[in-house]
Amino acid sequence: MAEIDLRRDVALGVTIPSRDARGRIARLGPVVDAVLANHDYPPLIEKLLAEALTLTALLGSLLKDPQGQMTLQAQTQGGIVDLMVCDFRAGELRGYVRFDRERLADASMSPALKEMFGDGYLAITFDQAGGDERYQGIVPLEGKTLADAAQSYFAQSEQIPSIVRLAAEKRDGHWTTGGLLFQHLPEGEEGRDRLHTRLDHPDWPHIAVLAGSVKPEELTDPDLPLDDLVWRLFHEEEEVRTLAAVTLVKGCRCDPDYVRSVIARFPPEERAEMVGDDGLIKVDCAFCSSSFSFPPDAVA
Ligand SMILES: [Zn+2]
């Protein structure tokens with residue numbers, strides 16, 4: 001197997017056993033450009049989605065099941081953005097934002113979450129393959145950044161002390177983003193109740209300080225491999241293990257055969273109602289801003 005490039009489009013798992021800490025660190029480049037290329041978003045929305053995709057890569061790479069799916073969805077009321085969805089499956093990322101262009105024109109240069117999302121909530125859903133197991137947590141979109149909201153998610157929904165950092169920068173027309181997530185995993189984590197959940201565990205502040213010392217320009221440095229960055233942050237620790245890296249690519253599940261099979265499940269009279277003026281059934285994919293058209297008898 002070819003060696004994975006740890007500088008871009010990759011998420012790397014890290015554990016620090018002596019501190020009961022685990023982490024994920026990610027850097028995205030071409031994959032963000034590829035997702036954004038499907039849309040024609042203004043700079044603020046591009047940056048928001050670039051950060052959201054980075055968070056999605058961090059959270060998605062926590063999935064134990066390689067075919068599981070992680071979905072990040074911002075549901076909002078009264079904000080500039082009225083919907084933002086990103087998901088991850090087996091290293092495939094996709095995402096889109098629905099927003100009000102007129103109101104965005106009046107937005108501040110670096111708006112807080114409240115301005116962008118109004119009374120918004122962030123829903124984070126982990127689905128295992130086969131759809132048997134699903135876990136969803138929901139937190140208010142409060143604070144300055146998506147990283148703040150993600151930290152609240154772990155504190156409120158999962159009672160896991162966590163630190164999340166995200167950074168995104170566009171240079172010469174190309175995005176580079178980076179993020180890290182570190183968590184304290186108390187005793188009893190795997191499959192047992194967390195009897196010792198303590199937000200004040202003595203090892204945690206130490207890891208939080210080290211992880212939190214990462215600079216935005218380190219996260220978005222396209223020449224700094226992630227393992228070097230991990231070393232830079234944690235080299236004084238007794239033992240730091242890196243896990244298998246996950247390659248990140250743009251992926252969408254809107255393939256025509258699948259769409260056709262979904263439409264075929266509707267009763268004929270409902271399918272007849274889907275036929276447009278041009279005599280075709282048209283299905284849009286919000287993720288890739290594309291649409292498919294079929295003659296109705298092609299799906300019958
Ligand atoms: Zn699509």
# chains A, B, ... in the order shown; residues from 1 in each chain; ligands from 1

$ closest_atom_pairs --of "chain A" --to "ligand 1" --cutoff "6 Å" --atoms "only C-alpha atoms and all ligand atoms" --output "tab-separated table"
residue	atom	partner	partner_atom_place_in_ligand_line	distance
A:Cys252	CA	ligand 1	1 (Zn)	4.6
A:Arg253	CA	ligand 1	1 (Zn)	5.9
A:Cys254	CA	ligand 1	1 (Zn)	4.3
A:Cys285	CA	ligand 1	1 (Zn)	4.7
A:Phe287	CA	ligand 1	1 (Zn)	4.9
A:Cys288	CA	ligand 1	1 (Zn)	4.3

$ write_last_selection --atoms "all heavy atoms" --output "mmCIF file, in the first residue's frame"
data_model
loop_
_atom_site.group_PDB
_atom_site.id
_atom_site.type_symbol
_atom_site.label_atom_id
_atom_site.label_comp_id
_atom_site.auth_asym_id
_atom_site.auth_seq_id
_atom_site.Cartn_x
_atom_site.Cartn_y
_atom_site.Cartn_z
ATOM 1 N N CYS A 252 -20.066 11.687 -3.023
ATOM 2 C CA CYS A 252 -21.507 11.882 -2.896
ATOM 3 C C CYS A 252 -22.181 10.558 -3.224
ATOM 4 O O CYS A 252 -21.671 9.776 -4.011
ATOM 5 C CB CYS A 252 -22.000 12.983 -3.832
ATOM 6 S SG CYS A 252 -23.564 13.659 -3.270
ATOM 7 N N ARG A 253 -23.338 10.333 -2.589
ATOM 8 C CA ARG A 253 -24.042 9.069 -2.803
ATOM 9 C C ARG A 253 -25.219 9.249 -3.747
ATOM 10 O O ARG A 253 -26.152 8.469 -3.737
ATOM 11 C CB ARG A 253 -24.553 8.527 -1.467
ATOM 12 C CG ARG A 253 -23.660 7.465 -0.883
ATOM 13 C CD ARG A 253 -22.542 8.027 -0.039
ATOM 14 N NE ARG A 253 -23.010 8.527 1.244
ATOM 15 C CZ ARG A 253 -22.322 9.335 2.015
ATOM 16 N NH1 ARG A 253 -21.148 9.772 1.645
ATOM 17 N NH2 ARG A 253 -22.809 9.723 3.165
ATOM 18 N N CYS A 254 -25.177 10.317 -4.549
ATOM 19 C CA CYS A 254 -26.347 10.597 -5.379
ATOM 20 C C CYS A 254 -26.221 9.935 -6.742
ATOM 21 O O CYS A 254 -26.510 10.533 -7.749
ATOM 22 C CB CYS A 254 -26.524 12.094 -5.540
ATOM 23 S SG CYS A 254 -25.155 12.874 -6.395
ATOM 24 N N CYS A 285 -29.632 17.068 -6.265
ATOM 25 C CA CYS A 285 -28.745 16.753 -5.150
ATOM 26 C C CYS A 285 -28.183 18.059 -4.629
ATOM 27 O O CYS A 285 -27.432 18.738 -5.331
ATOM 28 C CB CYS A 285 -27.612 15.819 -5.559
ATOM 29 S SG CYS A 285 -26.484 15.535 -4.172
ATOM 30 N N PHE A 287 -26.081 18.433 -2.285
ATOM 31 C CA PHE A 287 -24.656 18.326 -1.962
ATOM 32 C C PHE A 287 -23.790 18.710 -3.149
ATOM 33 O O PHE A 287 -22.787 19.369 -3.008
ATOM 34 C CB PHE A 287 -24.302 16.901 -1.521
ATOM 35 C CG PHE A 287 -24.798 16.570 -0.160
ATOM 36 C CD1 PHE A 287 -25.927 15.794 0.024
ATOM 37 C CD2 PHE A 287 -24.126 17.037 0.955
ATOM 38 C CE1 PHE A 287 -26.379 15.479 1.294
ATOM 39 C CE2 PHE A 287 -24.566 16.736 2.232
ATOM 40 C CZ PHE A 287 -25.698 15.955 2.401
ATOM 41 N N CYS A 288 -24.153 18.245 -4.337
ATOM 42 C CA CYS A 288 -23.289 18.583 -5.471
ATOM 43 C C CYS A 288 -23.970 19.526 -6.443
ATOM 44 O O CYS A 288 -23.473 19.696 -7.563
ATOM 45 C CB CYS A 288 -22.669 17.364 -6.133
ATOM 46 S SG CYS A 288 -23.619 15.897 -6.245
#

$ select_by_dssp --residues "segment 32-171 of chain A" --states "alpha helix (DSSP H)" --output "JSON, numbers by chain"
{"A": [32, 33, 34, 35, 36, 37, 43, 44, 45, 46, 47, 48, 49, 50, 51, 52, 53, 54, 55, 56, 57, 58, 59, 60, 101, 102, 103, 104, 105, 113, 114, 115, 116, 117, 146, 147, 148, 149, 150, 151, 152, 153, 154, 155, 156, 157]}

$ closest_residue --among "A:Val164, A:Ala107, A:Leu224, A:Ile281" --to "Gln183 of chain A" --atoms "only C-alpha atoms"
A:Val164

$ select_by_dssp --residues "segment 35-120 of chain A" --states "strand (DSSP E or B)" --output "list of chain:residue names"
A:Gln69, A:Met70, A:Thr71, A:Leu72, A:Gln73, A:Ala74, A:Gln75, A:Gln77, A:Val81, A:Asp82, A:Leu83, A:Met84, A:Val85, A:Cys86, A:Asp87, A:Phe88, A:Arg89, A:Glu92, A:Leu93, A:Arg94, A:Gly95, A:Tyr96, A:Val97, A:Arg98, A:Phe99, A:Gly118

$ residues_around --residues "segment 64-75 of chain A" --least-positions-apart "2" --cutoff "7 Å" --atoms "only C-alpha atoms" --output "PDB file with all heavy atoms, in the first residue's frame"
ATOM      1  N   THR A  56     -16.237  17.771  10.503  1.00  0.00           N
ATOM      2  CA  THR A  56     -16.844  16.505  10.069  1.00  0.00           C
ATOM      3  C   THR A  56     -15.783  15.415   9.918  1.00  0.00           C
ATOM      4  O   THR A  56     -15.994  14.262  10.306  1.00  0.00           O
ATOM      5  CB  THR A  56     -17.587  16.716   8.733  1.00  0.00           C
ATOM      6  OG1 THR A  56     -18.560  17.742   8.922  1.00  0.00           O
ATOM      7  CG2 THR A  56     -18.274  15.453   8.263  1.00  0.00           C
ATOM      8  N   GLY A  60     -15.979  12.260  12.122  1.00  0.00           N
ATOM      9  CA  GLY A  60     -16.182  11.039  11.337  1.00  0.00           C
ATOM     10  C   GLY A  60     -15.077  10.022  11.581  1.00  0.00           C
ATOM     11  O   GLY A  60     -15.325   8.823  11.633  1.00  0.00           O
ATOM     12  N   LEU A  62     -13.736   9.391  14.209  1.00  0.00           N
ATOM     13  CA  LEU A  62     -13.926   8.721  15.504  1.00  0.00           C
ATOM     14  C   LEU A  62     -14.746   7.435  15.359  1.00  0.00           C
ATOM     15  O   LEU A  62     -14.777   6.605  16.258  1.00  0.00           O
ATOM     16  CB  LEU A  62     -14.676   9.627  16.494  1.00  0.00           C
ATOM     17  CG  LEU A  62     -13.954  10.851  17.046  1.00  0.00           C
ATOM     18  CD1 LEU A  62     -14.934  11.669  17.884  1.00  0.00           C
ATOM     19  CD2 LEU A  62     -12.749  10.441  17.886  1.00  0.00           C
ATOM     20  N   ASP A  82     -29.858  28.968   6.890  1.00  0.00           N
ATOM     21  CA  ASP A  82     -30.999  28.224   7.434  1.00  0.00           C
ATOM     22  C   ASP A  82     -30.798  26.720   7.424  1.00  0.00           C
ATOM     23  O   ASP A  82     -31.551  25.995   8.067  1.00  0.00           O
ATOM     24  CB  ASP A  82     -32.335  28.660   6.823  1.00  0.00           C
ATOM     25  CG  ASP A  82     -32.513  28.242   5.395  1.00  0.00           C
ATOM     26  OD1 ASP A  82     -31.563  28.376   4.627  1.00  0.00           O
ATOM     27  OD2 ASP A  82     -33.602  27.783   5.058  1.00  0.00           O
ATOM     28  N   LEU A  83     -29.759  26.268   6.739  1.00  0.00           N
ATOM     29  CA  LEU A  83     -29.447  24.836   6.840  1.00  0.00           C
ATOM     30  C   LEU A  83     -27.999  24.618   6.436  1.00  0.00           C
ATOM     31  O   LEU A  83     -27.518  25.208   5.473  1.00  0.00           O
ATOM     32  CB  LEU A  83     -30.366  24.037   5.906  1.00  0.00           C
ATOM     33  CG  LEU A  83     -30.200  22.515   5.897  1.00  0.00           C
ATOM     34  CD1 LEU A  83     -30.624  21.908   7.232  1.00  0.00           C
ATOM     35  CD2 LEU A  83     -31.026  21.877   4.773  1.00  0.00           C
ATOM     36  N   MET A  84     -27.311  23.778   7.204  1.00  0.00           N
ATOM     37  CA  MET A  84     -25.967  23.370   6.793  1.00  0.00           C
ATOM     38  C   MET A  84     -25.846  21.886   7.109  1.00  0.00           C
ATOM     39  O   MET A  84     -26.162  21.456   8.210  1.00  0.00           O
ATOM     40  CB  MET A  84     -24.896  24.155   7.547  1.00  0.00           C
ATOM     41  CG  MET A  84     -23.482  23.748   7.139  1.00  0.00           C
ATOM     42  SD  MET A  84     -22.208  24.787   7.904  1.00  0.00           S
ATOM     43  CE  MET A  84     -22.215  24.143   9.571  1.00  0.00           C
ATOM     44  N   VAL A  85     -25.435  21.125   6.116  1.00  0.00           N
ATOM     45  CA  VAL A  85     -25.302  19.683   6.305  1.00  0.00           C
ATOM     46  C   VAL A  85     -23.947  19.235   5.765  1.00  0.00           C
ATOM     47  O   VAL A  85     -23.546  19.634   4.677  1.00  0.00           O
ATOM     48  CB  VAL A  85     -26.396  18.892   5.537  1.00  0.00           C
ATOM     49  CG1 VAL A  85     -26.329  17.408   5.891  1.00  0.00           C
ATOM     50  CG2 VAL A  85     -27.783  19.437   5.823  1.00  0.00           C
ATOM     51  N   CYS A  86     -23.261  18.414   6.557  1.00  0.00           N
ATOM     52  CA  CYS A  86     -22.023  17.784   6.090  1.00  0.00           C
ATOM     53  C   CYS A  86     -22.077  16.340   6.534  1.00  0.00           C
ATOM     54  O   CYS A  86     -22.615  16.051   7.602  1.00  0.00           O
ATOM     55  CB  CYS A  86     -20.794  18.370   6.772  1.00  0.00           C
ATOM     56  SG  CYS A  86     -20.470  20.073   6.390  1.00  0.00           S
ATOM     57  N   ASP A  87     -21.521  15.441   5.748  1.00  0.00           N
ATOM     58  CA  ASP A  87     -21.384  14.093   6.283  1.00  0.00           C
ATOM     59  C   ASP A  87     -20.101  13.415   5.850  1.00  0.00           C
ATOM     60  O   ASP A  87     -19.379  13.893   4.976  1.00  0.00           O
ATOM     61  CB  ASP A  87     -22.639  13.245   6.063  1.00  0.00           C
ATOM     62  CG  ASP A  87     -22.910  12.911   4.616  1.00  0.00           C
ATOM     63  OD1 ASP A  87     -21.971  12.953   3.806  1.00  0.00           O
ATOM     64  OD2 ASP A  87     -24.074  12.592   4.303  1.00  0.00           O
ATOM     65  N   PHE A  88     -19.843  12.314   6.540  1.00  0.00           N
ATOM     66  CA  PHE A  88     -18.605  11.545   6.372  1.00  0.00           C
ATOM     67  C   PHE A  88     -18.964  10.079   6.329  1.00  0.00           C
ATOM     68  O   PHE A  88     -19.729   9.609   7.163  1.00  0.00           O
ATOM     69  CB  PHE A  88     -17.712  11.803   7.598  1.00  0.00           C
ATOM     70  CG  PHE A  88     -16.479  10.933   7.700  1.00  0.00           C
ATOM     71  CD1 PHE A  88     -15.221  11.448   7.380  1.00  0.00           C
ATOM     72  CD2 PHE A  88     -16.569   9.622   8.147  1.00  0.00           C
ATOM     73  CE1 PHE A  88     -14.081  10.651   7.495  1.00  0.00           C
ATOM     74  CE2 PHE A  88     -15.436   8.820   8.257  1.00  0.00           C
ATOM     75  CZ  PHE A  88     -14.189   9.343   7.935  1.00  0.00           C
ATOM     76  N   ARG A  89     -18.428   9.386   5.332  1.00  0.00           N
ATOM     77  CA  ARG A  89     -18.516   7.925   5.347  1.00  0.00           C
ATOM     78  C   ARG A  89     -17.265   7.369   4.691  1.00  0.00           C
ATOM     79  O   ARG A  89     -16.972   7.714   3.561  1.00  0.00           O
ATOM     80  CB  ARG A  89     -19.767   7.423   4.625  1.00  0.00           C
ATOM     81  CG  ARG A  89     -20.006   5.927   4.902  1.00  0.00           C
ATOM     82  CD  ARG A  89     -21.308   5.442   4.345  1.00  0.00           C
ATOM     83  NE  ARG A  89     -21.265   5.388   2.895  1.00  0.00           N
ATOM     84  CZ  ARG A  89     -22.310   5.014   2.142  1.00  0.00           C
ATOM     85  NH1 ARG A  89     -23.460   4.720   2.706  1.00  0.00           N
ATOM     86  NH2 ARG A  89     -22.200   4.978   0.840  1.00  0.00           N
ATOM     87  N   ALA A  90     -16.568   6.545   5.423  1.00  0.00           N
ATOM     88  CA  ALA A  90     -15.350   5.895   4.923  1.00  0.00           C
ATOM     89  C   ALA A  90     -14.397   6.897   4.251  1.00  0.00           C
ATOM     90  O   ALA A  90     -13.875   6.635   3.175  1.00  0.00           O
ATOM     91  CB  ALA A  90     -15.725   4.770   3.959  1.00  0.00           C
ATOM     92  N   GLY A 120     -29.950  28.597  16.559  1.00  0.00           N
ATOM     93  CA  GLY A 120     -29.627  27.368  15.851  1.00  0.00           C
ATOM     94  C   GLY A 120     -29.170  26.253  16.766  1.00  0.00           C
ATOM     95  O   GLY A 120     -28.724  26.470  17.884  1.00  0.00           O
ATOM     96  N   TYR A 121     -29.316  25.041  16.234  1.00  0.00           N
ATOM     97  CA  TYR A 121     -28.860  23.849  16.939  1.00  0.00           C
ATOM     98  C   TYR A 121     -27.964  23.049  16.027  1.00  0.00           C
ATOM     99  O   TYR A 121     -28.152  23.032  14.807  1.00  0.00           O
ATOM    100  CB  TYR A 121     -30.045  22.974  17.359  1.00  0.00           C
ATOM    101  CG  TYR A 121     -30.821  23.606  18.463  1.00  0.00           C
ATOM    102  CD1 TYR A 121     -31.809  24.559  18.189  1.00  0.00           C
ATOM    103  CD2 TYR A 121     -30.541  23.298  19.792  1.00  0.00           C
ATOM    104  CE1 TYR A 121     -32.499  25.186  19.217  1.00  0.00           C
ATOM    105  CE2 TYR A 121     -31.220  23.912  20.825  1.00  0.00           C
ATOM    106  CZ  TYR A 121     -32.201  24.855  20.532  1.00  0.00           C
ATOM    107  OH  TYR A 121     -32.868  25.472  21.555  1.00  0.00           O
ATOM    108  N   LEU A 122     -27.004  22.388  16.643  1.00  0.00           N
ATOM    109  CA  LEU A 122     -26.121  21.520  15.891  1.00  0.00           C
ATOM    110  C   LEU A 122     -26.463  20.083  16.274  1.00  0.00           C
ATOM    111  O   LEU A 122     -26.401  19.724  17.448  1.00  0.00           O
ATOM    112  CB  LEU A 122     -24.670  21.825  16.260  1.00  0.00           C
ATOM    113  CG  LEU A 122     -23.590  21.111  15.450  1.00  0.00           C
ATOM    114  CD1 LEU A 122     -23.617  21.587  14.003  1.00  0.00           C
ATOM    115  CD2 LEU A 122     -22.219  21.384  16.059  1.00  0.00           C
ATOM    116  N   ALA A 123     -26.863  19.310  15.275  1.00  0.00           N
ATOM    117  CA  ALA A 123     -27.164  17.892  15.519  1.00  0.00           C
ATOM    118  C   ALA A 123     -26.003  17.074  14.972  1.00  0.00           C
ATOM    119  O   ALA A 123     -25.588  17.252  13.834  1.00  0.00           O
ATOM    120  CB  ALA A 123     -28.455  17.495  14.825  1.00  0.00           C
ATOM    121  N   ILE A 124     -25.475  16.215  15.821  1.00  0.00           N
ATOM    122  CA  ILE A 124     -24.349  15.361  15.442  1.00  0.00           C
ATOM    123  C   ILE A 124     -24.832  13.920  15.542  1.00  0.00           C
ATOM    124  O   ILE A 124     -25.242  13.475  16.618  1.00  0.00           O
ATOM    125  CB  ILE A 124     -23.144  15.615  16.361  1.00  0.00           C
ATOM    126  CG1 ILE A 124     -22.665  17.062  16.150  1.00  0.00           C
ATOM    127  CG2 ILE A 124     -22.013  14.627  16.082  1.00  0.00           C
ATOM    128  CD1 ILE A 124     -21.503  17.478  17.024  1.00  0.00           C
ATOM    129  N   THR A 125     -24.820  13.225  14.422  1.00  0.00           N
ATOM    130  CA  THR A 125     -25.398  11.879  14.400  1.00  0.00           C
ATOM    131  C   THR A 125     -24.357  10.857  13.951  1.00  0.00           C
ATOM    132  O   THR A 125     -23.720  11.035  12.913  1.00  0.00           O
ATOM    133  CB  THR A 125     -26.585  11.826  13.412  1.00  0.00           C
ATOM    134  OG1 THR A 125     -27.439  12.933  13.669  1.00  0.00           O
ATOM    135  CG2 THR A 125     -27.377  10.535  13.575  1.00  0.00           C
ATOM    136  N   PHE A 126     -24.206   9.823  14.732  1.00  0.00           N
ATOM    137  CA  PHE A 126     -23.328   8.713  14.364  1.00  0.00           C
ATOM    138  C   PHE A 126     -24.196   7.518  14.023  1.00  0.00           C
ATOM    139  O   PHE A 126     -24.985   7.058  14.853  1.00  0.00           O
ATOM    140  CB  PHE A 126     -22.406   8.338  15.534  1.00  0.00           C
ATOM    141  CG  PHE A 126     -21.374   9.379  15.852  1.00  0.00           C
ATOM    142  CD1 PHE A 126     -21.619  10.368  16.804  1.00  0.00           C
ATOM    143  CD2 PHE A 126     -20.145   9.391  15.199  1.00  0.00           C
ATOM    144  CE1 PHE A 126     -20.669  11.339  17.103  1.00  0.00           C
ATOM    145  CE2 PHE A 126     -19.179  10.354  15.496  1.00  0.00           C
ATOM    146  CZ  PHE A 126     -19.447  11.326  16.445  1.00  0.00           C
ATOM    147  N   ASP A 127     -24.085   7.037  12.800  1.00  0.00           N
ATOM    148  CA  ASP A 127     -24.831   5.854  12.366  1.00  0.00           C
ATOM    149  C   ASP A 127     -23.841   4.731  12.099  1.00  0.00           C
ATOM    150  O   ASP A 127     -22.917   4.908  11.312  1.00  0.00           O
ATOM    151  CB  ASP A 127     -25.557   6.116  11.029  1.00  0.00           C
ATOM    152  CG  ASP A 127     -26.791   6.960  11.220  1.00  0.00           C
ATOM    153  OD1 ASP A 127     -27.720   6.462  11.871  1.00  0.00           O
ATOM    154  OD2 ASP A 127     -26.818   8.096  10.714  1.00  0.00           O
ATOM    155  N   GLN A 128     -24.078   3.580  12.701  1.00  0.00           N
ATOM    156  CA  GLN A 128     -23.246   2.425  12.363  1.00  0.00           C
ATOM    157  C   GLN A 128     -23.784   1.828  11.066  1.00  0.00           C
ATOM    158  O   GLN A 128     -24.935   2.037  10.718  1.00  0.00           O
ATOM    159  CB  GLN A 128     -23.280   1.386  13.486  1.00  0.00           C
ATOM    160  CG  GLN A 128     -22.812   1.928  14.837  1.00  0.00           C
ATOM    161  CD  GLN A 128     -21.410   2.511  14.818  1.00  0.00           C
ATOM    162  OE1 GLN A 128     -20.518   1.983  14.163  1.00  0.00           O
ATOM    163  NE2 GLN A 128     -21.207   3.620  15.516  1.00  0.00           N
ATOM    164  N   ALA A 129     -22.956   1.079  10.367  1.00  0.00           N
ATOM    165  CA  ALA A 129     -23.391   0.472   9.102  1.00  0.00           C
ATOM    166  C   ALA A 129     -24.568  -0.463   9.361  1.00  0.00           C
ATOM    167  O   ALA A 129     -24.674  -1.069  10.419  1.00  0.00           O
ATOM    168  CB  ALA A 129     -22.242  -0.304   8.481  1.00  0.00           C
TER     169      ALA A 129
END

$ residues_around --residues "Pro296 of chain A" --least-positions-apart "3" --cutoff "9 Å" --atoms "only C-alpha atoms" --output "list in words"
Arg271, Ala272, Met274, Val275, Gly279, Leu280, Ile281, Val299 and Ala300 of chain A

$ write_last_selection --atoms "N, CA and C atoms" --output "PDB file, in the first residue's frame"
ATOM      1  N   ARG A 271     -45.453   8.742  -8.546  1.00  0.00           N
ATOM      2  CA  ARG A 271     -44.406   8.973  -9.554  1.00  0.00           C
ATOM      3  C   ARG A 271     -44.935   9.878 -10.667  1.00  0.00           C
ATOM      4  N   ALA A 272     -46.219   9.667 -11.036  1.00  0.00           N
ATOM      5  CA  ALA A 272     -46.816  10.484 -12.100  1.00  0.00           C
ATOM      6  C   ALA A 272     -46.820  11.959 -11.707  1.00  0.00           C
ATOM      7  N   MET A 274     -44.616  13.420  -9.993  1.00  0.00           N
ATOM      8  CA  MET A 274     -43.241  13.966  -9.999  1.00  0.00           C
ATOM      9  C   MET A 274     -42.813  14.420 -11.390  1.00  0.00           C
ATOM     10  N   VAL A 275     -43.557  14.008 -12.397  1.00  0.00           N
ATOM     11  CA  VAL A 275     -43.149  14.325 -13.769  1.00  0.00           C
ATOM     12  C   VAL A 275     -43.327  15.819 -14.038  1.00  0.00           C
ATOM     13  N   GLY A 279     -41.730  16.380 -19.149  1.00  0.00           N
ATOM     14  CA  GLY A 279     -42.022  14.948 -19.246  1.00  0.00           C
ATOM     15  C   GLY A 279     -41.033  14.064 -18.496  1.00  0.00           C
ATOM     16  N   LEU A 280     -40.157  14.690 -17.697  1.00  0.00           N
ATOM     17  CA  LEU A 280     -39.140  13.915 -16.984  1.00  0.00           C
ATOM     18  C   LEU A 280     -39.306  14.058 -15.476  1.00  0.00           C
ATOM     19  N   ILE A 281     -38.835  13.064 -14.757  1.00  0.00           N
ATOM     20  CA  ILE A 281     -38.750  13.178 -13.305  1.00  0.00           C
ATOM     21  C   ILE A 281     -37.363  13.729 -12.991  1.00  0.00           C
ATOM     22  N   VAL A 299     -37.964   4.251 -14.552  1.00  0.00           N
ATOM     23  CA  VAL A 299     -37.879   3.814 -13.163  1.00  0.00           C
ATOM     24  C   VAL A 299     -39.006   2.850 -12.800  1.00  0.00           C
ATOM     25  N   ALA A 300     -39.930   2.649 -13.728  1.00  0.00           N
ATOM     26  CA  ALA A 300     -41.094   1.828 -13.379  1.00  0.00           C
ATOM     27  C   ALA A 300     -40.686   0.363 -13.193  1.00  0.00           C
TER      28      ALA A 300
END

$ residues_around --residues "segment 226-238 of chain A" --least-positions-apart "4" --cutoff "12 Å" --atoms "only C-alpha atoms" --output "number ranges by chain"
A: 4-28, 178-182, 203, 206-222, 242-246

$ closest_residue --among "A:Leu166, A:Leu113, A:Leu36, A:Ile45" --to "Pro140 of chain A" --atoms "only C-alpha atoms"
A:Leu113

$ closest_residue --among "A:His174, A:Lys47, A:Arg241, A:His184" --to "Ser110 of chain A" --atoms "only C-alpha atoms"
A:Lys47

$ atom_distance --atom1 "atom CA of Gly118 of chain A" --atom2 "atom CA of Ser157 of chain A"
21.0 Å

$ closest_residue --among "A:Thr76, A:Tyr96, A:Lys170, A:Phe154" --to "Val35 of chain A" --atoms "only C-alpha atoms"
A:Tyr96

$ closest_residue --among "A:Leu141, A:Met116, A:Ala57, A:Ala50" --to "Asp33 of chain A" --atoms "only C-alpha atoms"
A:Ala50

$ atom_distance --atom1 "atom CA of Asp297 of chain A" --atom2 "atom CA of Asp277 of chain A"
15.5 Å

$ residues_around --residues "Asn38 of chain A" --least-positions-apart "6" --cutoff "12 Å" --atoms "only C-alpha atoms" --output "PyMOL selection string"
chain A and resi 31-32+46+94-97+250-252+285-291
